[in-house]
Amino acid sequence: MVRIDGGTFRMGSDDFYPDEQPVHERTVAGYLIDRYAVTNADFARFVDATGYVTVAERPMDPADYPGVAPEDLVPGAMVFTATDGPVDLRDWRQWWRWEPGAYWRHPEGLDSSIADRMDHPVVQVAFEDASAYAAWAGKRLPTEAEHEFAARGGVDGARFAWGEEAYPGGEAQANSWLGRFPYDNRGRFGATTAPVGSYPANGYGLYDIIGNTWEWTSDYYAPRHVVPGQEAVDAGARVNLLASASSEPGSRIPRRVLKGGSYLCSPDYCLRFRPAARSPQADDTATTHIGFRCAADV
């Protein structure tokens, strides 16, 4: 783990998505945070030691999924599938599918394996799974503010963790989508995760805290930053296309804040490989682009 001394910083952004507003000062106390995301090898040790069964492997409660036919309620998880060409980016269902049998050992379905991906971040983990691992390790999940402060790496107020440009010198600084989303990926690793540590560390010595996988935080999601005494102002530039994809309408499942962006973040759809970026996600949902890292009190 890396010790972060804490301090006061400008949290959020007024330049991109409405839920990142308003920019405000936030203070965090000192804490520890994992240098790398939790890997498949790490999670395997946890499961071997405890016998833990992830949410994606358990029977599904019909009460949690109103309107879904009982025969469709089989254990599984959400899997990204590239399209054959351009599609309407307002309809996330064109590149996400529910895959019965998908879970962390078989992230894309039963025909897939992590045998050659033990040094990749574990995916297909729901909030409860990440929390259980953290407790077993004697740690916890970071708050949204802790994650953003750490992701900035000491570069306060910049758009990206490394400065103002998405691709300084034309080089990718994180595992994000290069090309046209969701059908043309020209990145170094394609439309999948990369081994942890494949891209440069930030100013705090943290790897992949931007890009590769979204990461769970402990905070509940709200459509604006909640700042006492301030009113959030609507942004006009971008529509939050991810909000409707995070849970079914009418669901009683709470949503948490994801931070950091993932290998699916593309400037033409999801410009979220930035410290200020955030996304809502239902607690019970596991996908091929969500992982986590742990934090701890000093």
# chains A, B, ... in the order shown; residues from 1 in each chain; ligands from 1
>>> residues_around(residues="Glu128 (chain A)", least_positions_apart="3", cutoff="12 Å", atoms="only C-alpha atoms", output="ChimeraX atom specification")
/A:52-56,124-125,131-135,140-141,216-218,254-256,282-286,291-292
>>> select_by_dssp(residues="region 73-289 of chain A", states="strand (DSSP E)", output="ChimeraX atom specification")
/A:76-80,96-100,214-220,255-259,278-282
>>> closest_residue(among="A:Arg3, A:Arg188, A:Lys139, A:Arg97", to="Ala29 (chain A)", atoms="only C-alpha atoms")
A:Arg3
>>> atom_distance(atom1="CA of Tyr65 (chain A)", atom2="CA of Asp219 (chain A)")
23.0 Å
>>> atom_distance(atom1="CA of Gly30 (chain A)", atom2="CA of Pro142 (chain A)")
11.9 Å
>>> closest_residue(among="A:Gly205, A:Ala295, A:Ala63, A:Ala194", to="Gly138 (chain A)", atoms="only C-alpha atoms")
A:Ala295
